[in-house]
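*Asks:* Sharing a structure, written as structure tokens. Questions coming.
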Amino acid sequence: GEDSPRHAAEYMSKAARLLVKLQMYDEAADAIRREIGMYQDIKYYQSLGRLTVALVLVQLARGDQVAAEKAFKEWGNFCEAPEVQTLEILLQAYDNEDADAARAALNSPFIKHMDVEYAKLARGLPLPQQEYAIPPAGVRANAAESYVSPNASKVTGQATVEAEVNHTKNEVSETSQSTEKMVEKKSEVAPPPKPTQKREEDDYEEGLC
């Protein structure tokens with residue numbers, strides 16, 4: 001009513017912080033952009049760096065990394081050197097899915113000393129994680145390959161040769177045993193004796209007069 005853009009921006013800032021506290025991040029992002037526009041209208045640039053950091057955090061909380069990068073490109077020139085460096089590290093960490101680098105950037109001093117709602121948002125921001133395809137059953141994702149000894153091929157070759165030699169020996173042994181069994185069976189079956197001598201003697205005795 002008093003036509004004071006600066007007062008309107010302050011009220012919009014309070015609304016944005018309340019929306020962040022309620023985890024209504026879509027509405028919070030819109031409120032922060034409107035707040036930035038109001039400060040640009042009155043050429044009050046001192047707060048734009050802080051608001052750019054806040055908007056990047058809210059966009060990451062929404063899961064929209066593209067929008068976070070767009071906000072940094074659009075208003076990053078209003079940020080101070082430490083803010084620029086931290087945001088570059090943070091966005092690069094999300095690009096590379098580097099959780100450690102993202103955590104280090106979110107723990108920077110100026111983010112910790114932002115408004116309470118934004119500092120809490122930074123502490124609870126989901127860190128980037130690498131995504132992997134679902135492995136087959138029994139296969140652990142990111143597992144190292146099984147160790148294979150450099151002598152494995154030699155051992156395998158030697159085992160193959162030994163197996164072939166043993167197989168040949170077994171075949172020869174089985175053939176020899178079969179031959180011996182056949183000989184034994186033949187020797188067990190003997191022809192019946194021929195009663196020739198007794199018969200001739202009887203014929204001779206009957207023939208004498």
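Ligands are numbered from 1 in the order shown, residues from 1 within each chain, and chains are lettered A, B, ... in the order they appear in the structure tokens.
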DSSP on the backbone, then: every residue of region 64-118 of chain A marked alpha helix (DSSP H), written as a count of residues only.
*Replies:* 42
*Asks:* So how many Å separate CA of Phe72 (chain A) and CA of Val84 (chain A), to one decimal?
*Replies:*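 If I compute the distance from CA of Phe72 (chain A) to CA of Val84 (chain A), I get 8.6 Å.
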*Asks:* Suppose you want the space between CA of Ala93 (chain A) and CA of Glu27 (chain A); what is it in Å?
*Replies:* 25.7 Å
*Asks:* When you look at Ala8 (chain A) with a cut-off of 12 Å (counting only C-alpha atoms), what residues show up, excluding the ones that are within fewer than 5 positions of it in the same chain? I need them as a ChimeraX atom specification.
*Replies:* /A:1-3,13-15,31,34-39,41-42
*Asks:* Residues as selected, C-alpha atoms, written as an mmCIF file, in the first residue's frame, can you do that?
*Replies:*
data_model
loop_
_atom_site.group_PDB
_atom_site.id
_atom_site.type_symbol
_atom_site.label_atom_id
_atom_site.label_comp_id
_atom_site.auth_asym_id
_atom_site.auth_seq_id
_atom_site.Cartn_x
_atom_site.Cartn_y
_atom_site.Cartn_z
ATOM 1 C CA GLY A 1 0.000 0.000 0.000
ATOM 2 C CA GLU A 2 2.923 2.350 0.643
ATOM 3 C CA ASP A 3 4.525 1.471 -2.708
ATOM 4 C CA SER A 13 11.694 -13.138 2.216
ATOM 5 C CA LYS A 14 9.720 -14.119 5.329
ATOM 6 C CA ALA A 15 7.218 -15.996 3.192
ATOM 7 C CA ALA A 31 8.997 -16.690 -3.626
ATOM 8 C CA ARG A 34 10.100 -12.818 -6.803
ATOM 9 C CA GLU A 35 12.244 -11.474 -3.964
ATOM 10 C CA ILE A 36 15.260 -11.298 -6.276
ATOM 11 C CA GLY A 37 13.172 -9.448 -8.878
ATOM 12 C CA MET A 38 12.043 -6.889 -6.317
ATOM 13 C CA TYR A 39 15.603 -6.146 -5.234
ATOM 14 C CA ASP A 41 13.888 -3.287 -9.473
ATOM 15 C CA ILE A 42 15.217 -1.014 -6.759
#
*Asks:* Could you pull the residues within 12 Å of Ala29 (chain A), counting only C-alpha atoms, minus those fewer than 3 positions along the same chain, as a VMD selection string?
*Replies:* chain A and resid 12 to 13 15 to 20 23 to 26 32 to 36 51 to 62 64 67 to 68 71
*Asks:* Find the distance between CA of Phe78 (chain A) and CA of Tyr45 (chain A) and write it in Å to one decimal.
*Replies:*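 About the pair CA of Phe78 (chain A) and CA of Tyr45 (chain A): they are 7.0 Å apart.
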*Asks:* Show me, as a ChimeraX atom specification, the residues that have an atom within 10 Å of Arg103 (chain A) when counting only C-alpha atoms, minus same-chain residues fewer than 2 positions from it.
*Replies:* /A:90,93,98-101,105-108,122-123,125-128
*Asks:* Those same residues, written as a short mmCIF file (atom, residue, chain, number, x, y, z; two decimals), in the first residue's frame with all heavy atoms?
*Replies:*
data_model
loop_
_atom_site.label_atom_id
_atom_site.label_comp_id
_atom_site.auth_asym_id
_atom_site.auth_seq_id
_atom_site.Cartn_x
_atom_site.Cartn_y
_atom_site.Cartn_z
N LEU A 90 29.84 -27.19 -5.23
CA LEU A 90 28.61 -27.92 -4.91
C LEU A 90 27.95 -28.48 -6.17
O LEU A 90 27.60 -29.67 -6.23
CB LEU A 90 27.64 -26.99 -4.17
CG LEU A 90 26.30 -27.60 -3.77
CD1 LEU A 90 26.49 -28.76 -2.81
CD2 LEU A 90 25.40 -26.53 -3.15
N ALA A 93 29.99 -31.19 -7.71
CA ALA A 93 29.87 -32.43 -6.95
C ALA A 93 28.60 -33.19 -7.32
O ALA A 93 28.61 -34.43 -7.42
CB ALA A 93 29.88 -32.12 -5.45
N ASP A 98 29.47 -36.89 -6.45
CA ASP A 98 30.51 -36.99 -5.43
C ASP A 98 29.94 -36.50 -4.10
O ASP A 98 29.85 -35.30 -3.84
CB ASP A 98 31.72 -36.14 -5.84
CG ASP A 98 32.92 -36.34 -4.92
OD1 ASP A 98 32.74 -36.88 -3.81
OD2 ASP A 98 34.03 -35.96 -5.32
N ALA A 99 29.55 -37.45 -3.25
CA ALA A 99 28.91 -37.09 -1.99
C ALA A 99 29.86 -36.37 -1.05
O ALA A 99 29.46 -35.45 -0.33
CB ALA A 99 28.36 -38.35 -1.32
N ASP A 100 31.13 -36.76 -1.03
CA ASP A 100 32.09 -36.13 -0.12
C ASP A 100 32.30 -34.66 -0.46
O ASP A 100 32.34 -33.80 0.43
CB ASP A 100 33.42 -36.89 -0.16
CG ASP A 100 33.30 -38.29 0.42
OD1 ASP A 100 32.41 -38.51 1.27
OD2 ASP A 100 34.09 -39.17 0.03
N ALA A 101 32.47 -34.36 -1.74
CA ALA A 101 32.67 -32.97 -2.16
C ALA A 101 31.42 -32.14 -1.88
O ALA A 101 31.53 -30.98 -1.46
CB ALA A 101 33.04 -32.92 -3.64
N ALA A 105 31.14 -28.82 0.63
CA ALA A 105 30.63 -27.52 0.20
C ALA A 105 29.47 -27.06 1.08
O ALA A 105 29.37 -25.88 1.43
CB ALA A 105 30.18 -27.61 -1.26
N LEU A 106 28.60 -27.98 1.46
CA LEU A 106 27.45 -27.61 2.30
C LEU A 106 27.85 -27.26 3.72
O LEU A 106 27.08 -26.62 4.44
CB LEU A 106 26.44 -28.77 2.32
CG LEU A 106 25.74 -29.05 0.98
CD1 LEU A 106 24.94 -30.34 1.05
CD2 LEU A 106 24.83 -27.88 0.59
N ASN A 107 29.05 -27.67 4.11
CA ASN A 107 29.56 -27.33 5.45
C ASN A 107 30.38 -26.04 5.45
O ASN A 107 31.03 -25.73 6.45
CB ASN A 107 30.41 -28.47 6.00
CG ASN A 107 29.55 -29.64 6.46
OD1 ASN A 107 28.43 -29.46 6.91
ND2 ASN A 107 30.08 -30.84 6.34
N SER A 108 30.34 -25.30 4.36
CA SER A 108 31.11 -24.05 4.30
C SER A 108 30.55 -23.05 5.32
O SER A 108 29.36 -23.05 5.63
CB SER A 108 31.04 -23.45 2.90
OG SER A 108 29.70 -23.15 2.57
N ALA A 122 20.33 -26.94 4.23
CA ALA A 122 21.63 -27.42 3.75
C ALA A 122 22.08 -28.67 4.50
O ALA A 122 22.64 -29.60 3.91
CB ALA A 122 22.68 -26.32 3.88
N ARG A 123 21.82 -28.71 5.81
CA ARG A 123 22.22 -29.88 6.59
C ARG A 123 21.44 -31.13 6.20
O ARG A 123 21.96 -32.24 6.25
CB ARG A 123 22.03 -29.61 8.09
CG ARG A 123 23.05 -28.64 8.67
CD ARG A 123 23.10 -28.77 10.18
NE ARG A 123 21.81 -28.45 10.80
CZ ARG A 123 21.46 -27.23 11.21
NH1 ARG A 123 22.31 -26.21 11.06
NH2 ARG A 123 20.27 -27.01 11.78
N LEU A 125 20.04 -31.69 3.18
CA LEU A 125 19.94 -31.84 1.73
C LEU A 125 20.41 -33.23 1.31
O LEU A 125 21.48 -33.68 1.75
CB LEU A 125 20.78 -30.76 1.05
CG LEU A 125 20.45 -30.43 -0.41
CD1 LEU A 125 19.06 -29.83 -0.50
CD2 LEU A 125 21.49 -29.47 -0.97
N PRO A 126 19.65 -33.95 0.49
CA PRO A 126 20.10 -35.28 0.03
C PRO A 126 21.39 -35.15 -0.78
O PRO A 126 21.48 -34.35 -1.71
CB PRO A 126 18.94 -35.77 -0.86
CG PRO A 126 17.76 -34.95 -0.44
CD PRO A 126 18.31 -33.62 -0.02
N LEU A 127 22.37 -35.95 -0.42
CA LEU A 127 23.66 -35.92 -1.11
C LEU A 127 23.57 -36.74 -2.39
O LEU A 127 22.80 -37.70 -2.48
CB LEU A 127 24.75 -36.48 -0.20
CG LEU A 127 25.01 -35.69 1.09
CD1 LEU A 127 26.05 -36.40 1.95
CD2 LEU A 127 25.48 -34.27 0.76
N PRO A 128 24.38 -36.37 -3.38
CA PRO A 128 24.35 -37.15 -4.63
C PRO A 128 24.89 -38.54 -4.40
O PRO A 128 25.85 -38.73 -3.66
CB PRO A 128 25.25 -36.33 -5.56
CG PRO A 128 26.18 -35.61 -4.64
CD PRO A 128 25.37 -35.29 -3.42
#
*Asks:* Pick from A:Glu83, A:Asp95, A:Lys43, A:Ile89: nearest to Val66 (chain A), with only C-alpha atoms counted?
*Replies:*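 Checking each candidate against Val66 (chain A), we get A:Asp95 as the closest.
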